[in-house]
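*Asks:* Would you mind keeping the following structure in view while I ask a few things?
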Amino acid sequence: MTEKSKEILDKLADVIIENKKHLTKLDSAIGDGDHGINMARGFKEVKEKINGNNYETNQELLKSVAMTLISTVGGASGPLYGTAFLYISKVIPDADFTIDSLIEIGQSAVDGIQKRGKAEQGEKTMLDAIIPAVDALKESKENGDDLEEALQKCKVKAEEGMKATIPMQATKGRASYLGERSIGHQDPGATSSYLMIKTIVDELYKYKD
Amino acid sequence: MTEKSKEILDKLADVIIENKKHLTKLDSAIGDGDHGINMARGFKEVKEKINGNNYETNQELLKSVAMTLISTVGGASGPLYGTAFLYISKVIPDADFTIDSLIEIGQSAVDGIQKRGKAEQGEKTMLDAIIPAVDALKESKENGDDLEEALQKCKVKAEEGMKATIPMQATKGRASYLGERSIGHQDPGATSSYLMIKTIVDELYKYKD
Amino acid sequence: MKKKLVNNPDHVVEEMVEGIVLADPDKLSKVEGYNVVVRKDSPNEKVALVSGGGSGHEPTHAGFVGEGMLDGAIAGDVFTSPTPDAVFEAIKAVDGGKGVLLVIKNYTGDVMNFEMAAEMAEAEGIEVDHVVVDDDVAVEDSLYTTGRRGVAGTIFVHKIAGAKAEAGAELAEVKEVAEKVIKNVKTKGMALYPCRVPSAEESTFTLDEDEIELGIGIHGEPGTERTEIMKADDILDELLGSVIEDLPYESGDDVALMINGMGGTPLMELFVANRRANQVLEEKGINIYKTFVGEYMTSLEMAGVSVTLLKLDDELKELLDAPTEINIMK
Amino acid sequence: MKKKLVNNPDHVVEEMVEGIVLADPDKLSKVEGYNVVVRKDSPNEKVALVSGGGSGHEPTHAGFVGEGMLDGAIAGDVFTSPTPDAVFEAIKAVDGGKGVLLVIKNYTGDVMNFEMAAEMAEAEGIEVDHVVVDDDVAVEDSLYTTGRRGVAGTIFVHKIAGAKAEAGAELAEVKEVAEKVIKNVKTKGMALYPCRVPSAEESTFTLDEDEIELGIGIHGEPGTERTEIMKADDILDELLGSVIEDLPYESGDDVALMINGMGGTPLMELFVANRRANQVLEEKGINIYKTFVGEYMTSLEMAGVSVTLLKLDDELKELLDAPTEINIMK
Ligand SMILES: Nc1ncnc2c1ncn2[C@@H]1O[C@H](COP(=O)(O)OP(=O)(O)O)[C@@H](O)[C@H]1O
Ligand SMILES: Nc1ncnc2c1ncn2[C@@H]1O[C@H](COP(=O)(O)OP(=O)(O)O)[C@@H](O)[C@H]1O
Ligand SMILES: [Mg+2]
Ligand SMILES: [Mg+2]
Ligand SMILES: [Mg+2]
Ligand SMILES: [Mg+2]
């Protein structure tokens, strides 16, 4: 069971590493220009860690990812993503993912990030990509969408959420020092979150049958 | 009697101040780029000093110039020119200048500079302009030249001496750190010395009858 | 500014930490495997003080590890807050059973990483508390921002809380005096020229040859205002004016004054700045109890200055004057 | 680098000196009308130590005025030796009847101006002697030059002669120990970026974006070699190599090590340099008795570093360790 999760995480790490420059550039505009550097450093370690170890359960695997991120990313994103994965590790099943389990996973990530960073939606952070994605899954559940449909909607909402950070004024994180000057730039953390959600969705999609 | 000397010194100060940039530029090439700044600072003070005071004798006047230079020029040239003028003040007569008294004045300047700086001719310093000028006066005396002729020869020799510093390698002062790289540049101190000698000669010439 | 005296930029923090410990091997040691500097005699039977943050602000933080100030300092990557595991290692290394106070500068990353470390330490039964320094008056302090940044005023927190801990106070008392300092300390800085982190190709920001930035942070974060270059006295009037009116500091107050160089500023210029600061404070009737001129909280080779005032009462004076091994705080 | 934190460049030295004294008004005072800083408690009943030179090398010289080091310091214009009358004022202010030792750096101007001041003082019955520091191994030491320049090694002369004077020694003894230091101290420096004097439009020299200068002096005088930028360890190997072979320092020797920043170098880089210096000295079996890392002898905002070694015997160790009010030499 952990093989599939490992593959997804490995792919996710690759995508983040590929986007190192892009994320750093976004952070230069409204932060301190290290988001891509921080994330790439962390996910390089994640790749080494998970490929060099065997895990009995997804819980173990995710906890290992969390601890690796926490101890290598640094900055604001390190503890936030680290806590997100730690919270996920507490709920992730070993069985195949369902809409229900994905909602639980997504909500845990949000809970972890909010516990740590005390931000709400609309403050121009990673939450602005993640919360809409989780909300989409919840809606799909109510609407009775199938997993495939739900995943597609989830990805679309994450992307919309990321783009919606452009006109926002930051009130959390380093970008908040800029006040109104933070308006007009896409949030780097929302961008990395979207990239992760997109990758997870695309990978799950591969295995959908 | 001091009126005439005052006028000469005032003119001499003007020439140095006018050549501030030129002297500084020469010093930038082989020194630390401050010779013009140092000299102009000092001679500005000299002008104020001598024009704001009355002196009974040339000795008093020259001593005042010496003390002003010593306390305002700084660097290497300050004590050297200061001592030169101090030595001159000990021998300068109140009577009209003769070849004899000019030799005595010139020799005193050389003695003062050598006492202070312990340099010989040929080390790429101010002495390379002054010593030939004094030598010219001595020769004129032997040849029985009249004052007018002697002054002209003195000026020519000072200029030749200044130019002769170009191919020399400096072995005294800051330029000596450059070793062989000091070759090919005209010495700033020799240049300021030539300018002073030239000015004195030209001024004396005015009063020649 | 492309040239730097470094080897591989990826190892610069580790090599720096080694160099710091080698400069004072009798008093400092490095926690194996981490960029953490602690007093060699750790743990001591007193409340321990730990601080840290991104590197590039030297002598902050490791330069303040020593008797009378910090017990441990964590050096993150350049301008990047350190990770919780490193902070946790520092806490473990210095805890002598009387608890540990973390002095955190108010940056989201720093706050979160230190809080996580505190949770780890508490899970192991170590008593941990923290204070957050936010002395930079250039940032608007509103409920709708992450609040003000922690800058040079942090050094006074280290000094005074350090003296209190050395005197045998309990964790709550050390925290209390640290918070008193935080309430009474304000800073504003400016830059003439930017800095560049060793791993980056370009400076974090750029300034024209006739332009300066007022209210800048210590990572080259944008300030409040870009203006034409002014003369030193006018710059000082501007910085000190903002600082004074913020608390506000008033006639009759006793203060400590810090004129802090940002890394690339000649000391000559800091003294010119100090002269004007003295004139302004004298005019306002504010008494300078003690002056610190030098580099305390830098931003790599950034050229510029920050001005800090700390309002002192009798307790703070005594603790500021208390002995410390840290030379530049004597 | 066109922007500076100054007012009128013509007054920068005077304003700086005022700022220096205002930073420590209980211990320092300015001689009225001169850019001269002296211990406030001058004259003392001991041999007095006086040094000085052009400004722009801060904390040298005024920063070393205090118990255990200098009694007085004269600040000339930027990079221009001070005039004899100012030196004479310093001598008069500090002479307590046991004589005055002048510590002169080996530059023609400095030597002559100080010698003239000494003559003035002697004419007034003050006993004066002097030593000339020439520790810069980058300059060839031959009978046909003015000899080597005095650079960062001067600080060790101040410290050790200062301690000897404080201990009550006679003028001749203080001079003797100063000369012992001079004989055993060697320095070599390098620059990554040049400096600019406040009154000038341009830097004293220029360096390309991939070029460094080895063996440079503290006024931007040309060095021994211009090379491509190298990594820190290679630069240190080069500088320290020249220094070691010059005395030479040998296996078993005890030394004091100074890693001196030239003004614009981040402390981070100085510690990276210190790490390598420690490795090299350890390889050679040379024991570091005490390390000094920081800014001691600067050249305005020049970026770069110099490395100084002082070979120590028991007497020098004791005097190096003797108490002083000067924080950065503790
Ligand atoms: N309180 C917060 N809650 C959620 N996300 C946050 C918070 N603060 C910052 N972030 C996210 O972190 C990102 C910046 O991460 P990074 O650049 O790695 O850290 P730092 O800001 O410390 O340099 C921001 O773009 C934002 O999305
Ligand atoms: N020992 C010496 N004897 C005579 N002249 C000297 C000596 N040393 C230096 N000089 C002269 O001084 C000039 C430099 O003066 P200046 O630039 O004002 O002083 P500094 O070298 O201290 O900056 C040189 O060009 C040289 O002519
Ligand atoms: Mg960032
Ligand atoms: Mg010169
Ligand atoms: Mg960061
Ligand atoms: Mg000079």
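Following the order of the structure tokens, first chain is A, next is B, and so on, with residues numbered from 1 inside each chain and ligands from 1 in the order they appear.
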Between chain D and ligand 2, at 10 Å or less, what are the per-residue closest atom pairs and their distances in Å? Count only C-alpha atoms and all ligand atoms, order by chain and rising residue number, and return it as a Markdown table.
*Replies:*
| residue | atom | partner | partner_atom_place_in_ligand_line | distance |
| --- | --- | --- | --- | --- |
| D:Gly54 | CA | ligand 2 | 22 (O) | 9.3 |
| D:Phe79 | CA | ligand 2 | 23 (O) | 7.7 |
| D:Thr80 | CA | ligand 2 | 23 (O) | 6.1 |
| D:Ser81 | CA | ligand 2 | 22 (O) | 6.4 |
| D:Pro82 | CA | ligand 2 | 22 (O) | 9.7 |
| D:Tyr107 | CA | ligand 2 | 22 (O) | 7.1 |
| D:Thr108 | CA | ligand 2 | 8 (N) | 5.7 |
| D:Gly109 | CA | ligand 2 | 22 (O) | 4.4 |
| D:Asp110 | CA | ligand 2 | 22 (O) | 7.3 |
| D:Val111 | CA | ligand 2 | 22 (O) | 9.7 |
| D:Met112 | CA | ligand 2 | 1 (N) | 8.6 |
| D:Asn113 | CA | ligand 2 | 22 (O) | 9.8 |
| D:Thr146 | CA | ligand 2 | 1 (N) | 8.1 |
| D:His219 | CA | ligand 2 | 23 (O) | 9.9 |
*Asks:* If we count only C-alpha atoms, which residues of chain D reach to within 6 Å of chain C? Please list them as number ranges by chain.
*Replies:* D: 5-7, 15-16, 19-20, 23, 58, 231-232, 263-264, 266-269, 271-272, 274-275, 291, 300-301, 327
*Asks:* Suppose we keep C-alpha atoms; can you now write the selection as a JSON list (two decimals), in the first residue's frame?
*Replies:*
[["chain", "number", "residue", "atom", "x", "y", "z"],
["D", 5, "LEU", "CA", 26.31, 58.74, 5.80],
["D", 6, "VAL", "CA", 28.11, 62.06, 6.20],
["D", 7, "ASN", "CA", 27.38, 65.77, 6.26],
["D", 15, "GLU", "CA", 32.20, 65.28, 13.62],
["D", 16, "MET", "CA", 33.44, 61.73, 13.98],
["D", 19, "GLY", "CA", 30.74, 61.28, 18.08],
["D", 20, "ILE", "CA", 33.48, 59.08, 19.53],
["D", 23, "ALA", "CA", 29.77, 57.61, 22.92],
["D", 58, "GLU", "CA", 38.36, 53.25, 12.78],
["D", 231, "LYS", "CA", 37.48, 30.83, -2.72],
["D", 232, "ALA", "CA", 37.98, 31.93, 0.87],
["D", 263, "GLY", "CA", 35.42, 47.78, 6.92],
["D", 264, "GLY", "CA", 32.86, 46.42, 4.48],
["D", 266, "PRO", "CA", 30.39, 40.84, 6.75],
["D", 267, "LEU", "CA", 31.42, 39.22, 10.03],
["D", 268, "MET", "CA", 30.13, 35.95, 8.56],
["D", 269, "GLU", "CA", 33.01, 36.00, 6.08],
["D", 271, "PHE", "CA", 34.53, 33.73, 10.68],
["D", 272, "VAL", "CA", 34.79, 31.60, 7.54],
["D", 274, "ASN", "CA", 39.07, 32.26, 10.86],
["D", 275, "ARG", "CA", 38.06, 28.64, 10.35],
["D", 291, "THR", "CA", 42.19, 34.87, 18.55],
["D", 300, "LEU", "CA", 36.64, 52.88, 5.29],
["D", 301, "GLU", "CA", 34.20, 50.56, 3.49],
["D", 327, "ASN", "CA", 36.33, 45.91, 24.99]]
*Asks:* Mind checking which residues fall within 12 Å of region 88-97 of chain B, counting only C-alpha atoms, ignoring those fewer than 5 positions away in the same chain, and posting them as a short mmCIF file (atom, residue, chain, number, x, y, z; two decimals) with all heavy atoms, in the first residue's frame?
*Replies:*
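Resulting contents of result_2.cif:
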data_model
loop_
_atom_site.label_atom_id
_atom_site.label_comp_id
_atom_site.auth_asym_id
_atom_site.auth_seq_id
_atom_site.Cartn_x
_atom_site.Cartn_y
_atom_site.Cartn_z
N MET B 1 59.43 96.35 3.51
CA MET B 1 60.15 95.25 2.88
C MET B 1 59.30 93.97 2.83
O MET B 1 59.33 93.21 1.86
CB MET B 1 61.43 95.00 3.70
CG MET B 1 62.61 94.42 2.93
SD MET B 1 62.62 94.69 1.16
CE MET B 1 62.41 93.04 0.58
N THR B 2 58.51 93.70 3.89
CA THR B 2 57.74 92.46 3.89
C THR B 2 56.60 92.52 2.88
O THR B 2 56.06 91.49 2.51
CB THR B 2 57.16 92.14 5.28
OG1 THR B 2 56.28 93.20 5.66
CG2 THR B 2 58.24 92.00 6.32
N GLU B 3 56.24 93.72 2.41
CA GLU B 3 55.13 93.82 1.45
C GLU B 3 55.41 93.03 0.18
O GLU B 3 54.57 92.30 -0.31
CB GLU B 3 54.86 95.29 1.10
CG GLU B 3 53.91 95.97 2.07
CD GLU B 3 52.75 95.08 2.51
OE1 GLU B 3 51.98 94.63 1.65
OE2 GLU B 3 52.63 94.80 3.73
N LYS B 4 56.61 93.20 -0.33
CA LYS B 4 57.00 92.51 -1.55
C LYS B 4 56.98 90.99 -1.32
O LYS B 4 56.44 90.23 -2.14
CB LYS B 4 58.42 92.98 -1.94
CG LYS B 4 58.78 92.67 -3.38
CD LYS B 4 59.99 93.52 -3.79
CE LYS B 4 61.03 92.73 -4.54
NZ LYS B 4 62.27 93.50 -4.76
N SER B 5 57.55 90.54 -0.23
CA SER B 5 57.57 89.11 0.07
C SER B 5 56.15 88.58 0.22
O SER B 5 55.82 87.47 -0.24
CB SER B 5 58.35 88.84 1.36
OG SER B 5 59.61 89.43 1.30
N TYR B 55 53.89 91.98 9.66
CA TYR B 55 55.17 91.41 10.07
C TYR B 55 56.25 92.48 9.97
O TYR B 55 56.32 93.22 9.00
CB TYR B 55 55.52 90.22 9.18
CG TYR B 55 54.46 89.13 9.22
CD1 TYR B 55 53.43 89.10 8.29
CD2 TYR B 55 54.49 88.14 10.21
CE1 TYR B 55 52.45 88.12 8.33
CE2 TYR B 55 53.52 87.15 10.26
CZ TYR B 55 52.50 87.15 9.32
OH TYR B 55 51.54 86.19 9.37
N GLU B 56 57.09 92.55 10.98
CA GLU B 56 58.18 93.51 11.01
C GLU B 56 59.29 93.15 10.03
O GLU B 56 59.86 93.98 9.36
CB GLU B 56 58.80 93.57 12.42
CG GLU B 56 57.89 94.13 13.48
CD GLU B 56 57.72 95.66 13.35
OE1 GLU B 56 58.74 96.35 13.15
OE2 GLU B 56 56.56 96.12 13.41
N THR B 57 59.55 91.82 9.96
CA THR B 57 60.69 91.35 9.14
C THR B 57 60.26 90.18 8.28
O THR B 57 59.25 89.52 8.55
CB THR B 57 61.83 90.85 10.05
OG1 THR B 57 61.31 89.76 10.84
CG2 THR B 57 62.33 91.93 11.00
N ASN B 58 61.05 89.93 7.24
CA ASN B 58 60.82 88.75 6.41
C ASN B 58 60.96 87.46 7.22
O ASN B 58 60.29 86.48 6.96
CB ASN B 58 61.80 88.72 5.24
CG ASN B 58 61.30 89.55 4.06
OD1 ASN B 58 60.08 89.78 3.94
ND2 ASN B 58 62.21 89.99 3.20
N GLN B 59 61.85 87.49 8.18
CA GLN B 59 62.04 86.32 9.03
C GLN B 59 60.75 85.95 9.74
O GLN B 59 60.34 84.79 9.75
CB GLN B 59 63.13 86.62 10.08
CG GLN B 59 64.48 86.96 9.47
CD GLN B 59 65.64 86.39 10.28
OE1 GLN B 59 65.43 85.87 11.37
NE2 GLN B 59 66.84 86.47 9.73
N GLU B 60 60.11 86.97 10.32
CA GLU B 60 58.84 86.75 11.00
C GLU B 60 57.78 86.20 10.03
O GLU B 60 57.04 85.27 10.34
CB GLU B 60 58.31 88.09 11.53
CG GLU B 60 58.51 88.30 13.00
CD GLU B 60 57.91 89.64 13.42
OE1 GLU B 60 56.78 89.95 12.98
OE2 GLU B 60 58.58 90.38 14.17
N LEU B 61 57.72 86.85 8.88
CA LEU B 61 56.76 86.45 7.86
C LEU B 61 56.95 84.99 7.46
O LEU B 61 56.00 84.18 7.44
CB LEU B 61 56.90 87.35 6.63
CG LEU B 61 56.10 86.95 5.38
CD1 LEU B 61 54.61 87.01 5.62
CD2 LEU B 61 56.49 87.85 4.19
N LEU B 62 58.18 84.61 7.15
CA LEU B 62 58.45 83.25 6.69
C LEU B 62 58.22 82.22 7.78
O LEU B 62 57.77 81.11 7.53
CB LEU B 62 59.88 83.14 6.14
CG LEU B 62 60.08 83.41 4.64
CD1 LEU B 62 59.58 82.24 3.82
CD2 LEU B 62 59.38 84.69 4.19
N LYS B 63 58.52 82.64 9.02
CA LYS B 63 58.28 81.71 10.12
C LYS B 63 56.79 81.44 10.25
O LYS B 63 56.35 80.30 10.49
CB LYS B 63 58.84 82.29 11.42
CG LYS B 63 58.70 81.31 12.54
CD LYS B 63 59.58 81.56 13.75
CE LYS B 63 59.33 80.43 14.74
NZ LYS B 63 59.54 80.82 16.13
N SER B 64 56.01 82.49 10.07
CA SER B 64 54.57 82.35 10.15
C SER B 64 54.04 81.43 9.05
O SER B 64 53.17 80.57 9.28
CB SER B 64 53.94 83.74 10.05
OG SER B 64 52.55 83.65 10.01
N VAL B 65 54.58 81.57 7.85
CA VAL B 65 54.20 80.68 6.75
C VAL B 65 54.57 79.24 7.10
O VAL B 65 53.76 78.31 6.92
CB VAL B 65 54.90 81.10 5.44
CG1 VAL B 65 54.72 80.05 4.36
CG2 VAL B 65 54.38 82.45 4.97
N ALA B 66 55.76 79.06 7.60
CA ALA B 66 56.23 77.72 7.95
C ALA B 66 55.31 77.07 8.97
O ALA B 66 54.86 75.92 8.79
CB ALA B 66 57.66 77.79 8.50
N MET B 67 55.00 77.80 10.03
CA MET B 67 54.16 77.23 11.09
C MET B 67 52.76 76.91 10.55
O MET B 67 52.16 75.91 10.93
CB MET B 67 54.07 78.18 12.28
CG MET B 67 55.40 78.44 12.98
SD MET B 67 56.46 76.98 13.22
CE MET B 67 55.51 76.09 14.44
N TYR B 81 57.72 70.78 3.42
CA TYR B 81 57.66 72.19 3.03
C TYR B 81 57.70 73.10 4.26
O TYR B 81 58.29 74.18 4.23
CB TYR B 81 56.41 72.47 2.19
CG TYR B 81 56.54 72.03 0.74
CD1 TYR B 81 55.61 71.18 0.17
CD2 TYR B 81 57.60 72.47 -0.05
CE1 TYR B 81 55.72 70.78 -1.16
CE2 TYR B 81 57.72 72.07 -1.37
CZ TYR B 81 56.78 71.23 -1.93
OH TYR B 81 56.91 70.84 -3.24
N GLY B 82 57.07 72.65 5.32
CA GLY B 82 57.09 73.44 6.55
C GLY B 82 58.51 73.65 7.03
O GLY B 82 58.93 74.78 7.36
N THR B 83 59.26 72.57 7.08
CA THR B 83 60.64 72.68 7.53
C THR B 83 61.46 73.53 6.56
O THR B 83 62.32 74.32 6.97
CB THR B 83 61.27 71.29 7.69
OG1 THR B 83 60.42 70.50 8.52
CG2 THR B 83 62.65 71.37 8.32
N LEU B 102 69.84 84.43 -2.53
CA LEU B 102 68.95 83.40 -3.08
C LEU B 102 69.56 82.01 -2.93
O LEU B 102 68.86 81.03 -2.66
CB LEU B 102 68.64 83.69 -4.55
CG LEU B 102 67.67 84.85 -4.78
CD1 LEU B 102 67.52 85.14 -6.27
CD2 LEU B 102 66.28 84.57 -4.16
N ILE B 103 70.89 81.94 -3.12
CA ILE B 103 71.56 80.65 -2.91
C ILE B 103 71.37 80.19 -1.47
O ILE B 103 71.04 79.03 -1.20
CB ILE B 103 73.07 80.74 -3.26
CG1 ILE B 103 73.24 80.88 -4.78
CG2 ILE B 103 73.84 79.52 -2.74
CD1 ILE B 103 74.67 81.11 -5.24
N GLU B 104 71.56 81.14 -0.57
CA GLU B 104 71.44 80.78 0.84
C GLU B 104 70.02 80.30 1.16
O GLU B 104 69.81 79.32 1.89
CB GLU B 104 71.81 81.98 1.72
CG GLU B 104 72.38 81.53 3.05
CD GLU B 104 72.84 82.71 3.92
OE1 GLU B 104 72.80 83.87 3.46
OE2 GLU B 104 73.21 82.44 5.06
N ILE B 105 69.04 81.01 0.60
CA ILE B 105 67.64 80.64 0.80
C ILE B 105 67.37 79.23 0.24
O ILE B 105 66.81 78.36 0.91
CB ILE B 105 66.71 81.68 0.13
CG1 ILE B 105 66.73 82.97 0.96
CG2 ILE B 105 65.29 81.15 -0.02
CD1 ILE B 105 66.05 84.15 0.27
N GLY B 106 67.80 79.03 -1.00
CA GLY B 106 67.57 77.73 -1.64
C GLY B 106 68.25 76.61 -0.90
O GLY B 106 67.65 75.54 -0.68
N GLN B 107 69.49 76.85 -0.50
CA GLN B 107 70.23 75.80 0.20
C GLN B 107 69.57 75.46 1.54
O GLN B 107 69.54 74.30 1.95
CB GLN B 107 71.70 76.22 0.39
CG GLN B 107 72.59 75.09 0.91
CD GLN B 107 72.56 73.87 0.00
OE1 GLN B 107 72.70 73.97 -1.23
NE2 GLN B 107 72.33 72.69 0.58
N SER B 108 69.04 76.48 2.19
CA SER B 108 68.35 76.25 3.46
C SER B 108 67.13 75.36 3.25
O SER B 108 66.85 74.47 4.06
CB SER B 108 67.87 77.56 4.07
OG SER B 108 68.93 78.43 4.25
N ALA B 109 66.40 75.64 2.17
CA ALA B 109 65.23 74.82 1.87
C ALA B 109 65.64 73.37 1.69
O ALA B 109 65.05 72.45 2.27
CB ALA B 109 64.52 75.34 0.63
N VAL B 110 66.69 73.14 0.90
CA VAL B 110 67.18 71.78 0.67
C VAL B 110 67.61 71.14 1.99
O VAL B 110 67.26 69.99 2.29
CB VAL B 110 68.36 71.80 -0.32
CG1 VAL B 110 69.02 70.42 -0.40
CG2 VAL B 110 67.89 72.26 -1.70
N ASP B 111 68.34 71.90 2.80
CA ASP B 111 68.80 71.36 4.09
C ASP B 111 67.63 70.94 4.96
O ASP B 111 67.63 69.87 5.58
CB ASP B 111 69.63 72.41 4.84
CG ASP B 111 70.97 72.67 4.16
OD1 ASP B 111 71.34 71.88 3.25
OD2 ASP B 111 71.64 73.66 4.52
N GLY B 112 66.63 71.80 5.00
CA GLY B 112 65.44 71.50 5.82
C GLY B 112 64.75 70.24 5.33
O GLY B 112 64.41 69.35 6.12
N ILE B 113 64.58 70.14 4.04
CA ILE B 113 63.88 68.97 3.48
C ILE B 113 64.68 67.70 3.71
O ILE B 113 64.12 66.64 4.03
CB ILE B 113 63.61 69.20 1.97
CG1 ILE B 113 62.56 70.31 1.80
CG2 ILE B 113 63.15 67.92 1.29
CD1 ILE B 113 62.45 70.85 0.39
N LEU B 147 71.52 88.80 -12.06
CA LEU B 147 70.38 88.23 -11.34
C LEU B 147 69.32 87.71 -12.30
O LEU B 147 68.80 86.59 -12.16
CB LEU B 147 69.78 89.27 -10.38
CG LEU B 147 68.61 88.79 -9.50
CD1 LEU B 147 69.02 87.62 -8.61
CD2 LEU B 147 68.06 89.92 -8.64
N GLU B 148 69.05 88.56 -13.33
CA GLU B 148 68.03 88.21 -14.31
C GLU B 148 68.33 86.86 -14.99
O GLU B 148 67.50 85.97 -15.04
CB GLU B 148 68.01 89.32 -15.37
CG GLU B 148 66.72 89.45 -16.12
CD GLU B 148 66.78 90.71 -17.00
OE1 GLU B 148 67.22 91.78 -16.47
OE2 GLU B 148 66.43 90.62 -18.18
N LEU B 151 68.08 83.91 -12.53
CA LEU B 151 66.70 83.51 -12.23
C LEU B 151 66.14 82.64 -13.35
O LEU B 151 65.49 81.62 -13.11
CB LEU B 151 65.82 84.75 -12.02
CG LEU B 151 65.99 85.47 -10.68
CD1 LEU B 151 65.21 86.80 -10.68
CD2 LEU B 151 65.52 84.60 -9.52
N ILE B 200 58.05 82.17 -7.87
CA ILE B 200 58.99 83.10 -7.21
C ILE B 200 59.84 83.82 -8.26
O ILE B 200 60.00 85.04 -8.21
CB ILE B 200 59.89 82.33 -6.20
CG1 ILE B 200 59.02 81.78 -5.06
CG2 ILE B 200 60.99 83.24 -5.64
CD1 ILE B 200 59.72 80.75 -4.19
N VAL B 201 60.37 83.04 -9.19
CA VAL B 201 61.21 83.63 -10.24
C VAL B 201 60.42 84.68 -11.02
O VAL B 201 60.87 85.81 -11.21
CB VAL B 201 61.75 82.52 -11.18
CG1 VAL B 201 62.32 83.14 -12.45
CG2 VAL B 201 62.81 81.69 -10.45
N LEU B 204 59.84 87.77 -8.87
CA LEU B 204 61.07 88.55 -8.67
C LEU B 204 61.43 89.31 -9.94
O LEU B 204 61.90 90.44 -9.91
CB LEU B 204 62.25 87.65 -8.25
CG LEU B 204 62.20 87.12 -6.83
CD1 LEU B 204 63.39 86.18 -6.57
CD2 LEU B 204 62.21 88.26 -5.80
N TYR B 205 61.17 88.63 -11.05
CA TYR B 205 61.45 89.21 -12.34
C TYR B 205 60.71 90.52 -12.54
O TYR B 205 61.24 91.50 -13.06
CB TYR B 205 61.02 88.19 -13.41
CG TYR B 205 61.88 88.22 -14.62
CD1 TYR B 205 63.17 87.69 -14.57
CD2 TYR B 205 61.44 88.79 -15.81
CE1 TYR B 205 63.99 87.72 -15.69
CE2 TYR B 205 62.24 88.82 -16.93
CZ TYR B 205 63.52 88.28 -16.87
OH TYR B 205 64.32 88.32 -17.97
N TYR B 207 59.94 92.66 -10.39
CA TYR B 207 60.52 93.75 -9.59
C TYR B 207 61.97 94.01 -9.96
O TYR B 207 62.67 94.72 -9.26
CB TYR B 207 60.46 93.40 -8.09
CG TYR B 207 59.09 93.19 -7.58
CD1 TYR B 207 58.62 91.90 -7.33
CD2 TYR B 207 58.24 94.28 -7.32
CE1 TYR B 207 57.35 91.69 -6.84
CE2 TYR B 207 56.97 94.06 -6.83
CZ TYR B 207 56.53 92.77 -6.60
OH TYR B 207 55.28 92.58 -6.12
N LYS B 208 62.40 93.35 -11.05
CA LYS B 208 63.85 93.30 -11.24
C LYS B 208 64.51 94.69 -11.33
O LYS B 208 65.70 94.81 -11.10
CB LYS B 208 64.22 92.45 -12.45
CG LYS B 208 63.87 93.03 -13.82
CD LYS B 208 64.29 92.06 -14.88
CE LYS B 208 63.82 92.35 -16.29
NZ LYS B 208 62.75 93.21 -16.58
N ASP B 209 63.72 95.72 -11.66
CA ASP B 209 64.38 97.02 -11.63
C ASP B 209 63.67 98.05 -10.75
O ASP B 209 62.75 97.73 -10.04
CB ASP B 209 64.53 97.59 -13.04
CG ASP B 209 63.53 96.99 -14.02
OD1 ASP B 209 62.34 96.83 -13.59
OD2 ASP B 209 63.88 96.64 -15.15
#
*Asks:* Distance limit 7 Å, reference ligand 3, atoms considered: only C-alpha atoms and all ligand atoms. Which residues make the cut? Give them as a list of chain:residue names.
*Replies:*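 Those residues are A:Asp27, A:Gly31, A:Asp32, A:Gly33, A:Asp34, A:His35, A:Gly75.
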*Asks:* With N, CA and C atoms retained, could you export that selection as a CSV table (one decimal), in the first residue's frame?
*Replies:*
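Once written, part_3.csv looks like this:
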chain,number,residue,atom,x,y,z
A,27,ASP,N,8.5,34.7,-4.5
A,27,ASP,CA,8.8,35.2,-3.2
A,27,ASP,C,9.7,36.4,-3.2
A,31,GLY,N,8.3,38.7,-0.7
A,31,GLY,CA,8.8,38.1,0.5
A,31,GLY,C,10.3,38.3,0.5
A,32,ASP,N,11.1,37.3,0.8
A,32,ASP,CA,12.5,37.4,0.9
A,32,ASP,C,13.2,36.5,-0.1
A,33,GLY,N,12.5,36.0,-1.1
A,33,GLY,CA,13.1,35.3,-2.2
A,33,GLY,C,13.7,34.0,-1.9
A,34,ASP,N,13.1,33.2,-1.0
A,34,ASP,CA,13.7,31.9,-0.6
A,34,ASP,C,12.7,30.8,-0.6
A,35,HIS,N,11.5,31.0,-1.0
A,35,HIS,CA,10.5,30.0,-0.9
A,35,HIS,C,10.9,28.7,-1.7
A,75,GLY,N,12.2,28.6,7.6
A,75,GLY,CA,11.3,29.7,7.2
A,75,GLY,C,9.9,29.4,7.7
